[in-house]
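A.B. asks: One structure, pasted below without further comment.
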Amino acid sequence: MAKKSGLGRGLSNLIPGAASGAASTTAEGHPDYQELAIDRITPNPEQPRKKFREAEIDELASTLLSVGLIEPIVVRRKDDGYQIISGERRWRAAQKAGFRKIPAVVKQVSESQGLEMAIIENVQREDLTVIEEARAYEALMRLSGEKAADVAKKVGKDRATITNLIRLLKLPDEVLELIEDRKLSGGAARPLLSLADRGAVIRMARKIVQEGWSARKVEDEVARLTESAGPTKSTSATKDASTRKLEERLRARFTAKTEIKHKKSGAGQVTVHYANLDDLERILELMGLKS
């Protein structure tokens, strides 16, 4: 498979000889190539991809029995064994096929470097749900101590994209499951972050799935629901209904506190609050700008 141009570095650059589609005869000439006992290999608990469809594993196991494993898995040394960096699906299929050994390229890398490699491979192949991707970036930041901007450079994405994804993890578990099951898109779910009531978030998420709402429809419904909660006395005295509705729509769009102030002259200002520089870049990207 050709490397996607959107990523800063491909797995083939990080792991020479382990590019997708490389034949095992090529890997056998690699100094880090080994035949490893399957029972000495374990998955990485931080591995981005969490769900593996059993039917796919069965199909791959059948293929392995017919033609063998063409592409070796990639692992790192871990305690007395090895931890998977790339190829967990192949490892699972090899187990199901009854293999005792599996070809592997062994890399001397840290846990955070291994996770970085796993993220790049999965993003290249578009195997991840947005929630798996968000959890992967969060884990990489935690393990490496790096900020969103650093992670963004490594995986070839904008910092705002990383922070937007990670913000989705604040949603209730039931909503995250809908996204992981690909029933709810990340774009449609993002406006729900503006709702303080978690019960309301879950109810609206269910409705989005049932009725097939667009992201714009979700923004409108979030604005309507927030407005119906009622403005403060001082707010209602100075702002008409249309201004309050626009405020709520902006709040839903940016998932940030937003204020509109009018002057008697007809001039005014729109204020969008942000928590930190990452949050600011996220908002600027939503506006179609970049810092």
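To be explicit about the labels: the chains of the structure tokens are called A, B, and onward in the order shown, and within each one the residues are counted from 1, while ligands get numbers from 1 in the order they are shown.
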Please provide the set of residues having any atom within 12 Å of range 211-214 of chain A, restricted to only C-alpha atoms, with same-chain residues fewer than 5 positions apart removed, written as an NGL selection string.
C.D. replies: :A and (183-191 or 204-206 or 219-222)
A.B. asks: For Glu116 in chain A, find every residue with an atom within 8 Å (counting only C-alpha atoms), except residues of its own chain fewer than 6 positions away, and show them as a list in words.
C.D. replies: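 Everything that qualifies: Leu140, Lys154 and Val155 of chain A.
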A.B. asks: Keeping C-alpha atoms for every residue in the selection just given, could you write it to a file as a short mmCIF file (atom, residue, chain, number, x, y, z; two decimals), in the first residue's frame?
C.D. replies:
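In the end it all went to part.cif:
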data_model
loop_
_atom_site.label_atom_id
_atom_site.label_comp_id
_atom_site.auth_asym_id
_atom_site.auth_seq_id
_atom_site.Cartn_x
_atom_site.Cartn_y
_atom_site.Cartn_z
CA LEU A 140 1.09 9.04 23.51
CA LYS A 154 4.98 13.41 14.57
CA VAL A 155 1.79 12.10 12.99
#
A.B. asks: Would you give me, as JSON, numbers by chain, the residues in range 35-179 of chain A that DSSP reads as alpha helix (DSSP H)?
C.D. replies: {"A": [54, 55, 56, 57, 58, 59, 60, 61, 62, 63, 64, 65, 66, 67, 88, 89, 90, 91, 92, 93, 94, 95, 96, 111, 112, 113, 114, 115, 116, 117, 118, 119, 120, 121, 122, 123, 124, 125, 130, 131, 132, 133, 134, 135, 136, 137, 138, 139, 140, 141, 142, 143, 144, 148, 149, 150, 151, 152, 153, 154, 155, 159, 160, 161, 162, 163, 164, 165, 166, 167, 173, 174, 175, 176, 177, 178, 179]}
A.B. asks: Would you tabulate, counting only C-alpha atoms, all residues of range 111-229 of chain A that have an atom at most 12 Å from an atom of range 50-61 of chain A, showing the closest pair of atoms and their distance in Å to one decimal, sorted by chain then ascending number, as JSON lines?
C.D. replies:
{"residue": "A:Asn122", "atom": "CA", "partner": "A:Lys50", "partner_atom": "CA", "distance": 11.3}
{"residue": "A:Asp127", "atom": "CA", "partner": "A:Lys51", "partner_atom": "CA", "distance": 9.9}
{"residue": "A:Leu128", "atom": "CA", "partner": "A:Lys50", "partner_atom": "CA", "distance": 8.6}
{"residue": "A:Thr129", "atom": "CA", "partner": "A:Lys50", "partner_atom": "CA", "distance": 9.4}
{"residue": "A:Val130", "atom": "CA", "partner": "A:Lys50", "partner_atom": "CA", "distance": 11.9}
{"residue": "A:Ile131", "atom": "CA", "partner": "A:Lys50", "partner_atom": "CA", "distance": 10.1}
{"residue": "A:Glu132", "atom": "CA", "partner": "A:Lys50", "partner_atom": "CA", "distance": 7.1}
{"residue": "A:Glu133", "atom": "CA", "partner": "A:Lys50", "partner_atom": "CA", "distance": 10.2}
{"residue": "A:Arg135", "atom": "CA", "partner": "A:Lys50", "partner_atom": "CA", "distance": 10.2}
{"residue": "A:Ala136", "atom": "CA", "partner": "A:Lys50", "partner_atom": "CA", "distance": 10.3}
{"residue": "A:Glu177", "atom": "CA", "partner": "A:Lys51", "partner_atom": "CA", "distance": 11.5}
{"residue": "A:Glu180", "atom": "CA", "partner": "A:Lys51", "partner_atom": "CA", "distance": 9.0}
{"residue": "A:Asp181", "atom": "CA", "partner": "A:Lys51", "partner_atom": "CA", "distance": 9.6}
A.B. asks: With N, CA and C atoms retained, write the just-selected residues as a compact mmCIF listing (two decimals), in the first residue's frame.
C.D. replies:
# COMPACT_ATOMS: atom_id res chain seq x y z
N ASN A 122 -1.62 2.60 11.96
CA ASN A 122 -3.07 2.49 11.95
C ASN A 122 -3.73 3.66 11.24
N ASP A 127 -7.56 2.29 9.89
CA ASP A 127 -8.19 1.22 10.66
C ASP A 127 -8.90 1.72 11.91
N LEU A 128 -8.58 2.92 12.35
CA LEU A 128 -9.05 3.40 13.64
C LEU A 128 -10.37 4.15 13.57
N THR A 129 -11.17 4.00 14.62
CA THR A 129 -12.31 4.90 14.79
C THR A 129 -11.75 6.20 15.37
N VAL A 130 -12.55 7.27 15.35
CA VAL A 130 -12.05 8.54 15.88
C VAL A 130 -11.78 8.44 17.38
N ILE A 131 -12.52 7.59 18.09
CA ILE A 131 -12.30 7.43 19.52
C ILE A 131 -11.01 6.66 19.78
N GLU A 132 -10.76 5.61 19.01
CA GLU A 132 -9.49 4.89 19.14
C GLU A 132 -8.33 5.83 18.84
N GLU A 133 -8.49 6.66 17.83
CA GLU A 133 -7.44 7.61 17.47
C GLU A 133 -7.22 8.61 18.60
N ARG A 135 -7.89 8.25 21.83
CA ARG A 135 -7.26 7.58 22.98
C ARG A 135 -5.78 7.31 22.71
N ALA A 136 -5.46 7.03 21.47
CA ALA A 136 -4.06 6.79 21.12
C ALA A 136 -3.23 8.05 21.30
N GLU A 177 -19.37 4.85 22.73
CA GLU A 177 -19.63 3.55 22.11
C GLU A 177 -20.33 3.72 20.76
N GLU A 180 -17.64 4.69 18.40
CA GLU A 180 -16.76 3.55 18.11
C GLU A 180 -17.43 2.54 17.19
N ASP A 181 -18.75 2.40 17.33
CA ASP A 181 -19.50 1.48 16.47
C ASP A 181 -19.82 2.10 15.11
A.B. asks: Need to verify the contact set: range 77-90 of chain A, 10 Å, only C-alpha atoms, exclusion of same-chain residues closer than 4 positions in sequence. Can you return it as a ChimeraX atom specification?
C.D. replies: /A:11,18,36-47,49,51-53,56-57,60-61,64,69,71-73,94-96,102,104-111,113-122
A.B. asks: Just the selected residues (C-alpha atoms), exported as a CSV table (one decimal), in the first residue's frame, please.
C.D. replies:
chain,number,residue,atom,x,y,z
A,11,LEU,CA,5.9,3.4,9.2
A,18,ALA,CA,8.6,-3.3,7.5
A,36,LEU,CA,9.5,-15.8,17.5
A,37,ALA,CA,7.4,-18.2,19.6
A,38,ILE,CA,3.8,-16.9,19.5
A,39,ASP,CA,3.3,-17.4,23.3
A,40,ARG,CA,6.2,-15.0,24.1
A,41,ILE,CA,4.4,-12.2,22.3
A,42,THR,CA,1.8,-10.0,24.0
A,43,PRO,CA,-0.4,-7.1,22.6
A,44,ASN,CA,0.3,-3.5,23.7
A,45,PRO,CA,-2.5,-2.4,26.1
A,46,GLU,CA,-2.1,1.1,24.7
A,47,GLN,CA,-2.5,-0.2,21.1
A,49,ARG,CA,-7.0,-0.4,17.6
A,51,LYS,CA,-11.8,-3.9,18.3
A,52,PHE,CA,-11.1,-6.8,16.0
A,53,ARG,CA,-13.9,-8.4,14.0
A,56,GLU,CA,-11.8,-10.9,9.7
A,57,ILE,CA,-9.5,-12.9,12.0
A,60,LEU,CA,-7.0,-14.1,7.7
A,61,ALA,CA,-6.3,-17.4,9.6
A,64,LEU,CA,-2.3,-17.9,6.5
A,69,LEU,CA,2.5,-14.9,6.6
A,71,GLU,CA,4.5,-9.5,6.1
A,72,PRO,CA,6.2,-10.0,9.5
A,73,ILE,CA,4.8,-8.3,12.6
A,94,ALA,CA,-1.6,-16.9,13.4
A,95,GLN,CA,-2.7,-18.1,16.9
A,96,LYS,CA,-6.1,-19.2,15.5
A,102,ILE,CA,5.7,-16.1,13.7
A,104,ALA,CA,8.9,-10.6,13.3
A,105,VAL,CA,11.1,-7.6,13.1
A,106,VAL,CA,12.4,-6.7,16.6
A,107,LYS,CA,13.0,-3.0,17.3
A,108,GLN,CA,14.9,-1.5,20.2
A,109,VAL,CA,12.5,1.3,21.0
A,110,SER,CA,10.8,2.7,24.1
A,111,GLU,CA,7.2,2.2,24.9
A,113,GLN,CA,8.2,5.2,20.4
A,114,GLY,CA,6.5,1.9,19.9
A,115,LEU,CA,3.1,3.5,20.4
A,116,GLU,CA,4.0,6.3,18.0
A,117,MET,CA,4.8,3.7,15.3
A,118,ALA,CA,1.5,1.9,16.0
A,119,ILE,CA,-0.5,5.1,15.7
A,120,ILE,CA,1.2,6.0,12.4
A,121,GLU,CA,0.6,2.6,10.9
A,122,ASN,CA,-3.1,2.5,11.9
A.B. asks: Identify, with DSSP run on backbone atoms, the residues in range 13-243 of chain A assigned to strand (DSSP E), and express the list as a VMD selection string.
C.D. replies: chain A and resid 33 to 37 41 to 42 73 to 78 81 to 86 101 to 107
